[in-house]
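**Q** Dropping in query18.tsv, which is TSV, C-alpha atoms (C1' of nucleotides):
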```tsv
chain	number	residue	atom	x	y	z
H	133	MET	CA	-67.91	-60.40	111.05
H	134	ALA	CA	-66.43	-62.75	113.55
H	135	THR	CA	-65.84	-61.93	117.19
H	136	LYS	CA	-62.25	-62.96	116.53
H	137	VAL	CA	-61.59	-59.73	114.69
H	138	TYR	CA	-63.11	-57.56	117.40
H	139	LYS	CA	-61.13	-59.44	120.02
H	140	ALA	CA	-57.96	-59.06	117.99
H	141	LEU	CA	-58.49	-55.30	117.77
H	142	ALA	CA	-59.16	-55.00	121.50
H	143	ASP	CA	-55.49	-55.06	122.41
H	144	PRO	CA	-53.39	-51.90	121.87
H	145	THR	CA	-50.23	-53.85	121.06
H	146	ARG	CA	-52.04	-55.71	118.30
H	147	ARG	CA	-53.52	-52.51	116.94
H	148	LYS	CA	-50.06	-51.01	116.76
H	149	ILE	CA	-48.78	-54.09	114.95
H	150	LEU	CA	-51.47	-53.62	112.34
H	151	GLN	CA	-50.57	-49.96	111.96
H	152	LEU	CA	-46.90	-50.78	111.51
H	153	LEU	CA	-47.75	-53.36	108.87
H	154	ARG	CA	-49.96	-50.82	107.18
H	155	ASP	CA	-46.77	-49.02	106.12
H	156	ARG	CA	-44.66	-52.01	105.12
H	157	ASP	CA	-44.14	-55.71	105.62
H	158	MET	CA	-41.95	-56.49	108.60
H	159	THR	CA	-40.28	-59.52	110.11
H	160	ALA	CA	-41.28	-60.87	113.50
H	161	GLY	CA	-38.05	-59.50	114.91
H	162	GLU	CA	-38.50	-56.03	113.48
H	163	LEU	CA	-42.00	-55.88	114.88
H	164	SER	CA	-40.91	-57.17	118.28
H	165	ASP	CA	-38.24	-54.46	118.47
H	166	GLN	CA	-40.99	-51.85	118.49
H	167	PHE	CA	-42.37	-53.12	121.78
H	168	PRO	CA	-41.08	-53.47	125.33
H	169	PHE	CA	-42.21	-57.08	125.59
H	170	ALA	CA	-40.45	-60.38	125.25
H	171	ARG	CA	-40.43	-62.10	121.89
H	172	PRO	CA	-42.75	-64.95	122.86
H	173	THR	CA	-45.30	-62.42	124.00
H	174	LEU	CA	-45.26	-60.78	120.59
H	175	SER	CA	-45.32	-64.17	118.93
H	176	ARG	CA	-48.63	-64.91	120.59
H	177	HIS	CA	-49.99	-61.56	119.46
H	178	PHE	CA	-49.01	-62.44	115.89
H	179	ASN	CA	-50.89	-65.66	116.30
H	180	VAL	CA	-54.06	-63.95	117.45
H	181	LEU	CA	-53.90	-61.66	114.44
H	182	LYS	CA	-53.27	-64.60	112.15
H	183	ASN	CA	-56.25	-66.48	113.54
H	184	ALA	CA	-58.40	-63.46	112.82
H	185	ASP	CA	-56.93	-63.54	109.31
H	186	LEU	CA	-55.78	-59.95	109.71
H	187	ILE	CA	-52.14	-60.76	108.95
H	188	GLN	CA	-50.26	-63.54	107.29
H	189	GLY	CA	-46.74	-64.76	107.79
H	190	THR	CA	-44.35	-66.05	105.17
H	191	LYS	CA	-41.19	-67.86	106.03
H	192	LEU	CA	-38.23	-66.25	104.32
H	193	GLY	CA	-35.10	-68.21	105.11
H	194	ASN	CA	-34.34	-67.68	108.72
H	195	GLN	CA	-37.15	-65.33	109.47
H	196	ILE	CA	-40.85	-64.74	109.09
H	197	VAL	CA	-42.17	-61.78	107.19
H	198	TYR	CA	-45.55	-60.60	108.33
H	199	ARG	CA	-47.90	-58.82	106.00
H	200	LEU	CA	-51.18	-57.07	106.63
H	201	ASN	CA	-54.25	-58.51	104.93
H	202	VAL	CA	-55.49	-55.12	103.87
H	203	SER	CA	-58.68	-56.32	102.25
H	204	VAL	CA	-59.67	-58.33	105.31
H	205	LEU	CA	-59.14	-55.32	107.53
H	206	GLU	CA	-61.13	-53.12	105.18
H	207	GLU	CA	-63.98	-55.55	104.95
H	208	ALA	CA	-63.99	-55.94	108.71
H	209	LEU	CA	-64.35	-52.22	109.25
H	210	LEU	CA	-67.00	-52.02	106.56
H	211	ALA	CA	-68.95	-54.85	108.17
H	212	MET	CA	-68.64	-53.08	111.48
H	213	MET	CA	-70.17	-49.94	110.08
H	214	GLN	CA	-72.98	-51.89	108.51
H	215	ALA	CA	-73.62	-53.78	111.72
H	216	PHE	CA	-74.09	-50.50	113.55
H	217	LYS	CA	-75.78	-48.81	110.60
H	218	VAL	CA	-73.21	-46.07	110.64
H	219	ASP	CA	-73.07	-44.10	107.43
H	220	LEU	CA	-69.87	-42.16	106.87
H	221	SER	CA	-70.68	-40.85	103.42
H	222	VAL	CA	-69.47	-37.39	102.59
H	223	SER	CA	-72.46	-35.41	101.37
H	224	GLU	CA	-74.62	-33.66	103.93
H	225	ALA	CA	-76.69	-31.87	101.31
H	226	ASP	CA	-80.24	-32.66	102.41
H	227	GLU	CA	-81.62	-32.30	105.89
H	228	GLU	CA	-84.20	-34.69	107.22
H	229	PRO	CA	-87.51	-32.92	106.68
H	230	GLY	CA	-89.14	-32.20	110.03
H	231	GLN	CA	-92.39	-30.45	110.93
H	232	SER	CA	-91.61	-26.73	111.17
C	17	MET	CA	-59.71	-43.41	120.48
C	18	ALA	CA	-59.54	-45.15	123.77
C	19	THR	CA	-58.96	-48.84	124.25
C	20	LYS	CA	-62.17	-48.75	126.28
C	21	VAL	CA	-64.23	-48.53	123.12
C	22	TYR	CA	-62.43	-51.41	121.42
C	23	LYS	CA	-62.80	-53.50	124.56
C	24	ALA	CA	-66.47	-52.62	124.79
C	25	LEU	CA	-67.01	-53.77	121.22
C	26	ALA	CA	-65.16	-57.01	121.76
C	27	ASP	CA	-68.11	-58.72	123.43
C	28	PRO	CA	-70.99	-59.98	121.24
C	29	THR	CA	-73.61	-59.27	123.89
C	30	ARG	CA	-72.52	-55.66	124.08
C	31	ARG	CA	-72.50	-55.34	120.31
C	32	LYS	CA	-76.05	-56.61	120.20
C	33	ILE	CA	-77.08	-54.13	122.87
C	34	LEU	CA	-75.73	-51.33	120.72
C	35	GLN	CA	-77.59	-52.66	117.71
C	36	LEU	CA	-80.85	-52.84	119.66
C	37	LEU	CA	-80.38	-49.28	120.86
C	38	ARG	CA	-79.67	-48.22	117.31
C	39	ASP	CA	-83.36	-48.75	116.59
C	40	ARG	CA	-84.86	-47.24	119.72
C	41	ASP	CA	-84.20	-46.37	123.33
C	42	MET	CA	-84.89	-49.26	125.69
C	43	THR	CA	-85.07	-49.84	129.41
C	44	ALA	CA	-82.61	-52.06	131.21
C	45	GLY	CA	-85.34	-54.64	131.59
C	46	GLU	CA	-86.34	-54.61	127.93
C	47	LEU	CA	-82.74	-55.05	126.93
C	48	SER	CA	-82.17	-57.82	129.45
C	49	ASP	CA	-85.17	-59.70	128.08
C	50	GLN	CA	-83.35	-60.07	124.77
C	51	PHE	CA	-80.59	-62.15	126.33
C	52	PRO	CA	-80.40	-65.48	128.12
C	53	PHE	CA	-78.36	-64.02	130.98
C	54	ALA	CA	-79.23	-62.88	134.45
C	55	ARG	CA	-80.04	-59.21	135.01
C	56	PRO	CA	-76.89	-58.41	136.96
C	57	THR	CA	-74.82	-59.76	134.11
C	58	LEU	CA	-76.52	-57.39	131.70
C	59	SER	CA	-76.19	-54.58	134.19
C	60	ARG	CA	-72.44	-54.93	134.10
C	61	HIS	CA	-72.47	-54.90	130.31
C	62	PHE	CA	-74.42	-51.65	130.44
C	63	ASN	CA	-71.76	-50.29	132.71
C	64	VAL	CA	-68.93	-51.19	130.37
C	65	LEU	CA	-70.74	-49.45	127.53
C	66	LYS	CA	-71.39	-46.42	129.72
C	67	ASN	CA	-67.73	-46.21	130.70
C	68	ALA	CA	-66.83	-46.20	127.03
C	69	ASP	CA	-69.39	-43.43	126.62
C	70	LEU	CA	-71.20	-45.46	123.99
C	71	ILE	CA	-74.53	-45.37	125.81
C	72	GLN	CA	-76.14	-43.28	128.49
C	73	GLY	CA	-78.79	-44.14	131.01
C	74	THR	CA	-81.57	-41.89	132.26
C	75	LYS	CA	-83.64	-42.71	135.28
C	76	LEU	CA	-87.32	-42.58	134.44
C	77	GLY	CA	-89.34	-43.30	137.56
C	78	ASN	CA	-88.85	-46.88	138.41
C	79	GLN	CA	-86.66	-47.76	135.52
C	80	ILE	CA	-83.62	-46.74	133.52
C	81	VAL	CA	-83.87	-45.89	129.87
C	82	TYR	CA	-80.72	-46.53	127.91
C	83	ARG	CA	-79.92	-44.55	124.82
C	84	LEU	CA	-77.18	-44.98	122.24
C	85	ASN	CA	-74.68	-42.15	121.91
C	86	VAL	CA	-74.80	-42.24	118.15
C	87	SER	CA	-72.23	-39.53	117.59
C	88	VAL	CA	-69.74	-41.22	119.88
C	89	LEU	CA	-70.16	-44.50	118.04
C	90	GLU	CA	-69.79	-42.79	114.69
C	91	GLU	CA	-66.69	-40.92	115.75
C	92	ALA	CA	-65.22	-44.11	117.19
C	93	LEU	CA	-65.63	-45.95	113.90
C	94	LEU	CA	-64.27	-42.98	111.99
C	95	ALA	CA	-61.24	-42.81	114.26
C	96	MET	CA	-60.77	-46.52	113.76
C	97	MET	CA	-60.68	-46.13	110.03
C	98	GLN	CA	-58.23	-43.28	110.28
C	99	ALA	CA	-56.03	-45.23	112.67
C	100	PHE	CA	-55.76	-48.01	110.13
C	101	LYS	CA	-55.71	-45.64	107.16
C	102	VAL	CA	-58.69	-47.38	105.67
C	103	ASP	CA	-60.50	-45.35	103.05
C	104	LEU	CA	-64.04	-46.43	102.33
C	105	SER	CA	-64.90	-43.68	99.88
C	106	VAL	CA	-67.21	-44.61	97.06
C	107	SER	CA	-65.48	-43.69	93.83
C	108	GLU	CA	-63.12	-46.19	92.27
C	109	ALA	CA	-62.64	-44.13	89.13
C	110	ASP	CA	-58.84	-44.04	88.86
C	111	GLU	CA	-56.54	-46.99	89.07
C	112	GLU	CA	-53.12	-46.69	90.65
C	113	PRO	CA	-50.77	-46.20	87.73
C	114	GLY	CA	-48.43	-49.22	87.53
C	115	GLN	CA	-45.56	-50.00	85.16
C	116	SER	CA	-47.08	-51.83	82.21
F	177	DA	C1'	-95.79	-48.41	156.79
F	178	DT	C1'	-95.41	-52.47	153.74
F	179	DA	C1'	-95.01	-54.77	149.72
F	180	DT	C1'	-93.86	-55.00	144.83
F	181	DT	C1'	-91.06	-54.00	140.89
F	182	DA	C1'	-86.78	-52.48	138.51
F	183	DT	C1'	-82.21	-52.16	138.72
F	184	DT	C1'	-77.69	-52.21	140.66
F	185	DT	C1'	-73.87	-53.64	143.85
F	186	DA	C1'	-71.24	-57.17	146.24
F	187	DG	C1'	-69.03	-61.29	146.32
F	188	DC	C1'	-67.97	-65.77	144.35
F	189	DT	C1'	-66.29	-68.99	140.52
F	190	DT	C1'	-64.49	-70.22	136.19
F	191	DG	C1'	-62.29	-69.36	131.96
F	192	DT	C1'	-59.40	-66.34	129.26
F	193	DT	C1'	-55.58	-63.16	128.44
F	194	DA	C1'	-51.14	-61.18	128.59
F	195	DG	C1'	-46.98	-61.11	130.55
F	196	DC	C1'	-42.72	-64.00	131.81
F	197	DT	C1'	-38.68	-67.74	131.38
F	198	DA	C1'	-36.98	-71.96	129.55
F	199	DA	C1'	-36.89	-75.16	125.96
F	200	DA	C1'	-37.77	-76.66	121.16
F	201	DT	C1'	-37.42	-75.99	116.11
F	202	DA	C1'	-35.50	-74.55	111.83
F	203	DG	C1'	-32.56	-72.35	108.81
F	204	DA	C1'	-27.76	-70.17	107.87
F	205	DA	C1'	-23.06	-69.90	108.68
F	206	DA	C1'	-18.72	-71.80	109.94
R	24	DT	C1'	-21.44	-81.38	112.40
R	25	DT	C1'	-21.46	-77.64	115.35
R	26	DT	C1'	-22.78	-73.19	116.33
R	27	DC	C1'	-25.48	-69.03	115.83
R	28	DT	C1'	-29.72	-66.52	114.96
R	29	DA	C1'	-34.74	-66.09	114.51
R	30	DT	C1'	-38.85	-67.55	115.93
R	31	DT	C1'	-42.19	-70.40	118.13
R	32	DT	C1'	-44.10	-73.65	121.66
R	33	DA	C1'	-44.77	-75.06	126.42
R	34	DG	C1'	-45.77	-74.14	130.88
R	35	DC	C1'	-46.29	-70.86	134.69
R	36	DT	C1'	-48.57	-66.75	137.11
R	37	DA	C1'	-51.31	-62.73	137.83
R	38	DA	C1'	-54.92	-59.92	136.22
R	39	DC	C1'	-59.22	-59.52	133.93
R	40	DA	C1'	-63.83	-60.83	132.18
R	41	DA	C1'	-68.23	-62.86	132.24
R	42	DG	C1'	-71.32	-65.69	134.22
R	43	DC	C1'	-73.99	-66.71	138.66
R	44	DT	C1'	-76.84	-65.88	143.34
R	45	DA	C1'	-77.93	-63.04	147.16
R	46	DA	C1'	-78.45	-58.65	149.03
R	47	DA	C1'	-78.98	-53.57	148.65
R	48	DT	C1'	-81.31	-49.46	146.73
R	49	DA	C1'	-84.97	-46.73	144.97
R	50	DA	C1'	-89.34	-45.71	143.17
R	51	DT	C1'	-94.39	-47.08	142.95
R	52	DA	C1'	-98.40	-48.99	144.56
R	53	DT	C1'	-101.30	-50.76	148.37
```
Go ahead and render the structure in this file as structure tokens.
**A**
Amino acid sequence: MATKVYKALADPTRRKILQLLRDRDMTAGELSDQFPFARPTLSRHFNVLKNADLIQGTKLGNQIVYRLNVSVLEEALLAMMQAFKVDLSVSEADEEPGQS
Amino acid sequence: MATKVYKALADPTRRKILQLLRDRDMTAGELSDQFPFARPTLSRHFNVLKNADLIQGTKLGNQIVYRLNVSVLEEALLAMMQAFKVDLSVSEADEEPGQS
DNA sequence: ATATTATTTAGCTTGTTAGCTAAATAGAAA
DNA sequence: TTTCTATTTAGCTAACAAGCTAAATAATAT
């Protein structure tokens, strides 16, 4: 997975944007209203997320509707787990056999 | 989960350190030898990872042995998945019922 | 005590990031 | 066409991050 994704996730504002989009598509303005920052600031955050391919924007008349790229996010997290060899499977049936 | 962890993961050098420690504990020097950077640079990376509680260092005589905090890493990734409502469970048995 | 080795801390430099305001673009409404 | 609204782009500043070298610390070996 690209460093771009990790970098994109490193900012709390961007993480919250992703979480908001997890629930529904939102326009740039709607998203911006959730934050205490100026619009251009949010606009740049959108751009970072777009460059990481985590969201995509579609022009709809006057405004831009942003949508989460769910599959990209999922694959990113999966790749992360593989990179660190973290196994989050459910069953804990068998213990590692040790000398006892 | 704290922003510290996300920030710590945002740097490729630090990610590689974690991966190396995934296999075995290593001294600061051993780790440094894997990278084309000066020791003090690596030292600061160790510190960032320590502050995120992802690794821990133990003085052993002359040197410092770094060890991965596996459980912290695992919980971090789990929290990440929950934060983004990503479900990586195995079964894909049932499809979402759609109008057809 | 002195020197050697391993590591960190301090201080500097350069590049990046995240905030801001002002200006540009683009579509919708009048 | 003029105005209004939504959003982005441009350009600025301050803070942060990551690299470096030189110096400090701490343990080991001579």
**Q** Starting from chain H, keep only residues with some atom at most 10 Å from an atom of chain F, counting all atoms listed in the file, and report them as a PyMOL selection string.
**A** chain H and resi 143+169-170+172-174+176-177+192-195
**Q** Please tabulate, as JSON lines, the residues of chain R that come within 8 Å of chain C, each with its closest pair of atoms and the distance in Å to one decimal, counting all atoms listed in the file and ordering rows by chain, then residue number upward.
**A**
```
{"residue": "R:DA41", "atom": "C1'", "partner": "C:Thr57", "partner_atom": "CA", "distance": 7.5}
{"residue": "R:DG42", "atom": "C1'", "partner": "C:Thr57", "partner_atom": "CA", "distance": 6.9}
{"residue": "R:DC43", "atom": "C1'", "partner": "C:Ala54", "partner_atom": "CA", "distance": 7.7}
{"residue": "R:DA49", "atom": "C1'", "partner": "C:Asn78", "partner_atom": "CA", "distance": 7.6}
{"residue": "R:DA50", "atom": "C1'", "partner": "C:Asn78", "partner_atom": "CA", "distance": 4.9}
{"residue": "R:DT51", "atom": "C1'", "partner": "C:Asn78", "partner_atom": "CA", "distance": 7.2}
```
**Q** How close does region 48-115 of chain C get to region 153-158 of chain H? List, as a tab-separated table, each residue of region 48-115 of chain C within 10 Å, its nearest atom pair and the distance in Å to one decimal, counting all atoms listed in the file.
**A**
```
residue	atom	partner	partner_atom	distance
C:Ala99	CA	H:Arg154	CA	9.9
C:Phe100	CA	H:Arg154	CA	7.1
C:Lys101	CA	H:Arg154	CA	7.7
C:Val102	CA	H:Arg154	CA	9.5
```
**Q** In Å, with one decimal, what is the gap from CA of Lys136 (chain H) to CA of Ala160 (chain H)?
**A**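 These two atoms are separated by 21.3 Å.
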**Q** Define the interface residues of chain C facing chain H as those within 9 Å, counting only C-alpha atoms, and report them as a short mmCIF file (atom, residue, chain, number, x, y, z; two decimals) with C-alpha atoms, in the coordinates of the input.
**A**
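Now in result-v7.cif:
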```cif
data_model
loop_
_atom_site.label_atom_id
_atom_site.label_comp_id
_atom_site.auth_asym_id
_atom_site.auth_seq_id
_atom_site.Cartn_x
_atom_site.Cartn_y
_atom_site.Cartn_z
CA THR C 19 -58.96 -48.84 124.25
CA LYS C 20 -62.17 -48.75 126.28
CA VAL C 21 -64.23 -48.53 123.12
CA TYR C 22 -62.43 -51.41 121.42
CA LYS C 23 -62.80 -53.50 124.56
CA ALA C 24 -66.47 -52.62 124.79
CA LEU C 25 -67.01 -53.77 121.22
CA ALA C 26 -65.16 -57.01 121.76
CA ASP C 27 -68.11 -58.72 123.43
CA PRO C 28 -70.99 -59.98 121.24
CA ARG C 31 -72.50 -55.34 120.31
CA LEU C 34 -75.73 -51.33 120.72
CA GLN C 35 -77.59 -52.66 117.71
CA ARG C 38 -79.67 -48.22 117.31
CA VAL C 86 -74.80 -42.24 118.15
CA LEU C 89 -70.16 -44.50 118.04
CA GLU C 90 -69.79 -42.79 114.69
CA LEU C 93 -65.63 -45.95 113.90
CA LEU C 94 -64.27 -42.98 111.99
CA MET C 96 -60.77 -46.52 113.76
CA MET C 97 -60.68 -46.13 110.03
CA ALA C 99 -56.03 -45.23 112.67
CA PHE C 100 -55.76 -48.01 110.13
CA LYS C 101 -55.71 -45.64 107.16
CA VAL C 102 -58.69 -47.38 105.67
CA ASP C 103 -60.50 -45.35 103.05
CA LEU C 104 -64.04 -46.43 102.33
CA SER C 105 -64.90 -43.68 99.88
CA VAL C 106 -67.21 -44.61 97.06
#
```
**Q** Find the residue from C:Leu65, C:Val81, C:Met17, C:Leu70 that sits nearest to Thr43 (chain C); use all atoms listed in the file when measuring.
**A**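 Once distances to Thr43 (chain C) are computed over all atoms listed in the file, the minimum belongs to C:Val81.
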**Q** Which residue gives the smallest distance to DT31 (chain R) among H:Asn179, H:Arg146, H:Asn201, H:Phe167, with only C-alpha atoms (C1' of nucleotides) counted?
**A**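 Nearest to DT31 (chain R): H:Asn179.
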**Q** Please, what distance in Å, to one decimal, runs between C1' of DA45 (chain R) and CA of Asp49 (chain C)?
**A**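 So the answer is 20.7 Å.
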**Q** To one decimal place in Å, what is the distance between CA of Gly45 (chain C) and CA of Phe62 (chain C)?
**A**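 Interatomic distance, CA of Gly45 (chain C) to CA of Phe62 (chain C): 11.4 Å.
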